[in-house]
Amino acid sequence: MIRAVAHVAAMAPYALADVAAPGMRSLAQNESAFPPNPAALAAGRKAAGEAMLYPDPDWTDLRAAIGEIHSVAPDGILIGAGSMELIGGLMRGFSGPGDAVLGSAHGYLFAATACQQAGASYRTAPEQNFTVSVDNLLAAVTPDIRIVFVCNPGNPTGTSIPNAEIVRLRESLPENVLLIVDQAYGEFDGQDAGPIFELVERGDTVVLRTLSKAYCLAGARAGWGLFPKAIGSEVRKLLNPNNVSIVSQTMAIGAIRNQAHMAQTVNATAAIRERFSARLRAGGYPVPSSRTNFILIPFPTAEAARRADDALRKAGYLLRGLAGYGLPHCLRATIAEGEVMDDVADILIAFKELPHG
Ligand SMILES: *Cc1c(COP(=O)(O)O)cnc(C)c1O
């Protein structure tokens with residue numbers, strides 16, 4: 001019998017959302033409702049013709065583009081095949097057997113998986129009203145905690161805490177605890193990113209971003225992070241060389257360089273999200289205010305959430321069930337085109353009006 005190492009054998013596989021059956025519309029993975037910008041697409045097609053070559057292992061042009069847009073030093077940036085790759089590298093580089101990582105109760109589940117891949121244990125602190133609580137996180141810090149992972153805005157809750165709260169968290173944590181701030185939805189949040197990027201200068205904080213959401217490039221697999229030098233150089237050792245394809249790097253540059261398209265995507269998505277949220281609230285669903293491209297839909301019970309999920313699947317829509325996130329009474333809906341969300345709202349409102357709803 002060939003056995004995996006103990007901490008891998010003990011792991012459950014990471015549970016992505018169900019893949020939509022043919023004919024079903026997935027609203028389960030927070031993919032953009034809109035296509036990538038045409039210039040990025042054209043550049044990507046051209047880059048495909050150079051695919052006999054390895055990509056730039058240092059992501060030079062992409063880092064330069066990101067550095068310019070965000071006024072940060074390009075040499076502090078690492079690019080991953082999605083920011084998930086960077087989360088994996090951070091967990092493996094900075095935690096291991098005997099260590100613990102602290103997240104928020106309804107935080108991003110891949111952080112827990114990456115932590116298990118590293119052989120460390122993952123713990124959580126309770127949230128309040130589907131929102132990260134800095135006080136609860138601080139109260140949960142024990143001497144074995146090496147990393148605190150916070151997603152702001154949060155997934156799957158969609159809620160956001162003020163930058164000042166993230167700064168307070170950092171300033172209150174011990175200096176030997178690495179803080180990872182995952183801002184996968186930062187472009188939707190509307191807060192100035194400056195104060196969060198500035199935390200990186202302290203040497204104990206990493207900020208992660210992605211091209212997968214606001215830049216409509218989930219399929220390209222490109223995410224980035226701003227790292228203190230000494231932390232970035234360790235994570236880099238854990239990334240595969242040539243990790244981001246020549247097509248993906250090129251498309252990502254085209255996407256970053258078109259901030260107008262990104263802003264248009266964010267604004268159009270937010271307008272649909274607000275209409276959808278308002279309709280559901282009027283229909284009796286206590287939907288928390290979202291600063292992302294999805295919303296959380298709470299039901300009275302887990303059973304009601306399950307039946308609503310069935311009704312939506314019958315109508316051809318696949319939402320994300322959240323039992324794995326400790327929210328079995330909720331579903332998460334990615335914001336798609338307006339007509340789709342109107343249809344989903346109609347179904348949910350009709351469901352709520354049934355006696356069992
Ligand atoms: C989508 C998402 C990511 C980004 O994943 P990629 O690997 O960059 O596609 C990271 N964190 C959170 C919370 C997300 O929702």
# chains A, B, ... in the order shown; residues from 1 in each chain; ligands from 1

call {"tool": "closest_atom_pairs", "arguments": {"of": "range 52-105 of chain A", "to": "range 176-195 of chain A", "cutoff": "12 Å", "atoms": "only C-alpha atoms", "output": "JSON lines"}}
result
{"residue": "A:Ile69", "atom": "CA", "partner": "A:Ala193", "partner_atom": "CA", "distance": 11.3}
{"residue": "A:His70", "atom": "CA", "partner": "A:Gly194", "partner_atom": "CA", "distance": 8.0}
{"residue": "A:Ser71", "atom": "CA", "partner": "A:Gly194", "partner_atom": "CA", "distance": 8.6}
{"residue": "A:Val72", "atom": "CA", "partner": "A:Gly194", "partner_atom": "CA", "distance": 9.1}
{"residue": "A:Gly82", "atom": "CA", "partner": "A:Ala184", "partner_atom": "CA", "distance": 10.2}
{"residue": "A:Ser83", "atom": "CA", "partner": "A:Ala184", "partner_atom": "CA", "distance": 8.1}
{"residue": "A:Met84", "atom": "CA", "partner": "A:Asp182", "partner_atom": "CA", "distance": 10.0}
{"residue": "A:Leu86", "atom": "CA", "partner": "A:Asp182", "partner_atom": "CA", "distance": 10.4}
{"residue": "A:Ile87", "atom": "CA", "partner": "A:Ile180", "partner_atom": "CA", "distance": 8.6}
{"residue": "A:Gly88", "atom": "CA", "partner": "A:Ile180", "partner_atom": "CA", "distance": 11.8}
{"residue": "A:Gly89", "atom": "CA", "partner": "A:Ile180", "partner_atom": "CA", "distance": 11.9}
{"residue": "A:Leu90", "atom": "CA", "partner": "A:Ile180", "partner_atom": "CA", "distance": 8.6}
{"residue": "A:Met91", "atom": "CA", "partner": "A:Ile180", "partner_atom": "CA", "distance": 9.9}
{"residue": "A:Gly93", "atom": "CA", "partner": "A:Leu178", "partner_atom": "CA", "distance": 11.0}
{"residue": "A:Phe94", "atom": "CA", "partner": "A:Leu178", "partner_atom": "CA", "distance": 8.0}
{"residue": "A:Ser95", "atom": "CA", "partner": "A:Leu178", "partner_atom": "CA", "distance": 9.8}
{"residue": "A:Asp99", "atom": "CA", "partner": "A:Val177", "partner_atom": "CA", "distance": 11.2}
{"residue": "A:Ala100", "atom": "CA", "partner": "A:Val177", "partner_atom": "CA", "distance": 10.6}
{"residue": "A:Val101", "atom": "CA", "partner": "A:Val177", "partner_atom": "CA", "distance": 9.5}
{"residue": "A:Leu102", "atom": "CA", "partner": "A:Leu179", "partner_atom": "CA", "distance": 9.6}
{"residue": "A:Gly103", "atom": "CA", "partner": "A:Ile180", "partner_atom": "CA", "distance": 9.8}
{"residue": "A:Ser104", "atom": "CA", "partner": "A:Val181", "partner_atom": "CA", "distance": 11.7}

call {"tool": "residues_near_ligand", "arguments": {"ligand": "ligand 1", "cutoff": "9 Å", "atoms": "only C-alpha atoms and all ligand atoms", "output": "number ranges by chain"}}
result
A: 29-31, 80-87, 107-111, 150-156, 182-185, 208-213, 217-224

call {"tool": "closest_residue", "arguments": {"among": "A:Asn293, A:Thr159, A:Thr301, A:Ser26", "to": "Asn267 in chain A", "atoms": "only C-alpha atoms"}}
result
A:Asn293

call {"tool": "select_by_dssp", "arguments": {"residues": "range 149-346 of chain A", "states": "strand (DSSP E)", "output": "MDAnalysis selection string"}}
result
chainID A and resid 149:151 178:182 205:210 223:226 294:298 317:318 320:321 330:334

call {"tool": "atom_distance", "arguments": {"atom1": "CA of Arg202 in chain A", "atom2": "CA of Gly96 in chain A"}}
result
23.4 Å

call {"tool": "closest_atom_pairs", "arguments": {"of": "range 23-142 of chain A", "to": "range 268-280 of chain A", "cutoff": "9 Å", "atoms": "only C-alpha atoms", "output": "tab-separated table"}}
result
residue	atom	partner	partner_atom	distance
A:Ser32	CA	A:Thr269	CA	8.4
A:Ala33	CA	A:Thr269	CA	7.7
A:Phe34	CA	A:Thr269	CA	8.8

call {"tool": "write_last_selection", "arguments": {"atoms": "N, CA and C atoms", "output": "PDB file, in the first residue's frame"}}
result
ATOM      1  N   SER A  32     -17.604  36.781 -13.417  1.00  0.00           N
ATOM      2  CA  SER A  32     -18.182  38.019 -13.914  1.00  0.00           C
ATOM      3  C   SER A  32     -19.304  37.723 -14.907  1.00  0.00           C
ATOM      4  N   ALA A  33     -20.319  38.566 -14.863  1.00  0.00           N
ATOM      5  CA  ALA A  33     -21.413  38.445 -15.839  1.00  0.00           C
ATOM      6  C   ALA A  33     -20.984  38.990 -17.199  1.00  0.00           C
ATOM      7  N   PHE A  34     -19.847  39.684 -17.221  1.00  0.00           N
ATOM      8  CA  PHE A  34     -19.430  40.386 -18.436  1.00  0.00           C
ATOM      9  C   PHE A  34     -18.129  39.795 -18.972  1.00  0.00           C
TER      10      PHE A  34
END

call {"tool": "closest_residue", "arguments": {"among": "A:Ala114, A:Ile77, A:Cys216, A:Ala105", "to": "Val134 in chain A", "atoms": "only C-alpha atoms"}}
result
A:Ala105

call {"tool": "closest_residue", "arguments": {"among": "A:Pro36, A:Leu16, A:Glu127, A:Lys352", "to": "Gly321 in chain A", "atoms": "only C-alpha atoms"}}
result
A:Leu16

call {"tool": "atom_distance", "arguments": {"atom1": "CA of Tyr122 in chain A", "atom2": "CA of Leu27 in chain A"}}
result
28.0 Å

call {"tool": "atom_distance", "arguments": {"atom1": "CA of Gly49 in chain A", "atom2": "CA of Thr250 in chain A"}}
result
11.8 Å

call {"tool": "decode", "arguments": {"residues": "range 260-275 of chain A", "atoms": "all heavy atoms", "output": "compact mmCIF listing (two decimals), in the first residue's frame"}}
result
# COMPACT_ATOMS: atom_id res chain seq x y z
N ALA A 260 -11.06 51.74 -17.17
CA ALA A 260 -12.43 52.17 -17.47
C ALA A 260 -13.35 50.95 -17.61
O ALA A 260 -14.48 50.95 -17.11
CB ALA A 260 -12.44 53.01 -18.75
N HIS A 261 -12.84 49.90 -18.28
CA HIS A 261 -13.66 48.69 -18.44
C HIS A 261 -13.93 48.05 -17.08
O HIS A 261 -15.05 47.60 -16.81
CB HIS A 261 -12.96 47.71 -19.38
CG HIS A 261 -13.73 46.44 -19.62
ND1 HIS A 261 -13.63 45.33 -18.80
CD2 HIS A 261 -14.63 46.11 -20.57
CE1 HIS A 261 -14.43 44.38 -19.25
NE2 HIS A 261 -15.05 44.82 -20.32
N MET A 262 -12.90 48.03 -16.24
CA MET A 262 -13.08 47.45 -14.91
C MET A 262 -14.14 48.24 -14.12
O MET A 262 -15.05 47.65 -13.52
CB MET A 262 -11.74 47.44 -14.16
CG MET A 262 -11.78 46.79 -12.80
SD MET A 262 -12.30 47.90 -11.50
CE MET A 262 -10.83 48.90 -11.28
N ALA A 263 -14.04 49.57 -14.17
CA ALA A 263 -15.00 50.40 -13.42
C ALA A 263 -16.42 50.20 -13.95
O ALA A 263 -17.39 50.14 -13.18
CB ALA A 263 -14.60 51.87 -13.51
N GLN A 264 -16.51 50.06 -15.28
CA GLN A 264 -17.82 49.83 -15.89
C GLN A 264 -18.41 48.49 -15.42
O GLN A 264 -19.60 48.40 -15.10
CB GLN A 264 -17.60 49.79 -17.40
CG GLN A 264 -18.73 50.18 -18.28
CD GLN A 264 -18.27 50.02 -19.75
OE1 GLN A 264 -17.12 50.33 -20.11
NE2 GLN A 264 -19.15 49.50 -20.56
N THR A 265 -17.57 47.47 -15.38
CA THR A 265 -18.00 46.15 -14.89
C THR A 265 -18.49 46.25 -13.45
O THR A 265 -19.55 45.74 -13.09
CB THR A 265 -16.82 45.15 -14.96
OG1 THR A 265 -16.37 45.06 -16.30
CG2 THR A 265 -17.22 43.78 -14.45
N VAL A 266 -17.69 46.94 -12.62
CA VAL A 266 -18.03 47.05 -11.20
C VAL A 266 -19.34 47.82 -11.03
O VAL A 266 -20.23 47.40 -10.27
CB VAL A 266 -16.87 47.74 -10.43
CG1 VAL A 266 -17.30 48.20 -9.05
CG2 VAL A 266 -15.68 46.79 -10.33
N ASN A 267 -19.49 48.91 -11.76
CA ASN A 267 -20.70 49.74 -11.61
C ASN A 267 -21.94 49.02 -12.12
O ASN A 267 -22.99 49.06 -11.48
CB ASN A 267 -20.53 51.08 -12.34
CG ASN A 267 -19.47 51.94 -11.66
OD1 ASN A 267 -19.18 51.77 -10.47
ND2 ASN A 267 -18.87 52.85 -12.42
N ALA A 268 -21.80 48.36 -13.27
CA ALA A 268 -22.96 47.65 -13.83
C ALA A 268 -23.37 46.51 -12.89
O ALA A 268 -24.55 46.28 -12.63
CB ALA A 268 -22.63 47.13 -15.22
N THR A 269 -22.37 45.81 -12.37
CA THR A 269 -22.65 44.70 -11.45
C THR A 269 -23.33 45.22 -10.19
O THR A 269 -24.30 44.63 -9.70
CB THR A 269 -21.34 43.96 -11.09
OG1 THR A 269 -20.69 43.55 -12.29
CG2 THR A 269 -21.60 42.76 -10.21
N ALA A 270 -22.82 46.34 -9.66
CA ALA A 270 -23.37 46.89 -8.42
C ALA A 270 -24.82 47.33 -8.62
O ALA A 270 -25.67 47.15 -7.73
CB ALA A 270 -22.51 48.06 -7.93
N ALA A 271 -25.12 47.89 -9.79
CA ALA A 271 -26.50 48.36 -10.04
C ALA A 271 -27.46 47.16 -10.04
O ALA A 271 -28.54 47.21 -9.44
CB ALA A 271 -26.57 49.11 -11.36
N ILE A 272 -27.06 46.07 -10.69
CA ILE A 272 -27.91 44.87 -10.73
C ILE A 272 -28.03 44.28 -9.32
O ILE A 272 -29.11 43.88 -8.88
CB ILE A 272 -27.33 43.83 -11.72
CG1 ILE A 272 -27.28 44.41 -13.13
CG2 ILE A 272 -28.15 42.54 -11.68
CD1 ILE A 272 -26.42 43.61 -14.11
N ARG A 273 -26.91 44.27 -8.61
CA ARG A 273 -26.89 43.72 -7.25
C ARG A 273 -27.84 44.50 -6.33
O ARG A 273 -28.58 43.90 -5.54
CB ARG A 273 -25.46 43.80 -6.70
CG ARG A 273 -25.30 43.29 -5.28
CD ARG A 273 -23.94 43.70 -4.73
NE ARG A 273 -23.89 45.14 -4.50
CZ ARG A 273 -22.79 45.90 -4.58
NH1 ARG A 273 -21.62 45.35 -4.90
NH2 ARG A 273 -22.85 47.19 -4.35
N GLU A 274 -27.83 45.82 -6.44
CA GLU A 274 -28.67 46.63 -5.55
C GLU A 274 -30.14 46.41 -5.85
O GLU A 274 -30.98 46.36 -4.94
CB GLU A 274 -28.28 48.10 -5.63
CG GLU A 274 -26.91 48.39 -5.01
CD GLU A 274 -26.75 47.78 -3.62
OE1 GLU A 274 -27.52 48.15 -2.70
OE2 GLU A 274 -25.87 46.89 -3.42
N ARG A 275 -30.49 46.30 -7.14
CA ARG A 275 -31.89 46.04 -7.50
C ARG A 275 -32.33 44.67 -6.98
O ARG A 275 -33.40 44.53 -6.40
CB ARG A 275 -32.03 46.13 -9.03
CG ARG A 275 -33.40 45.76 -9.55
CD ARG A 275 -33.45 45.86 -11.08
NE ARG A 275 -34.53 45.06 -11.62
CZ ARG A 275 -35.79 45.49 -11.74
NH1 ARG A 275 -36.09 46.72 -11.38
NH2 ARG A 275 -36.72 44.70 -12.22
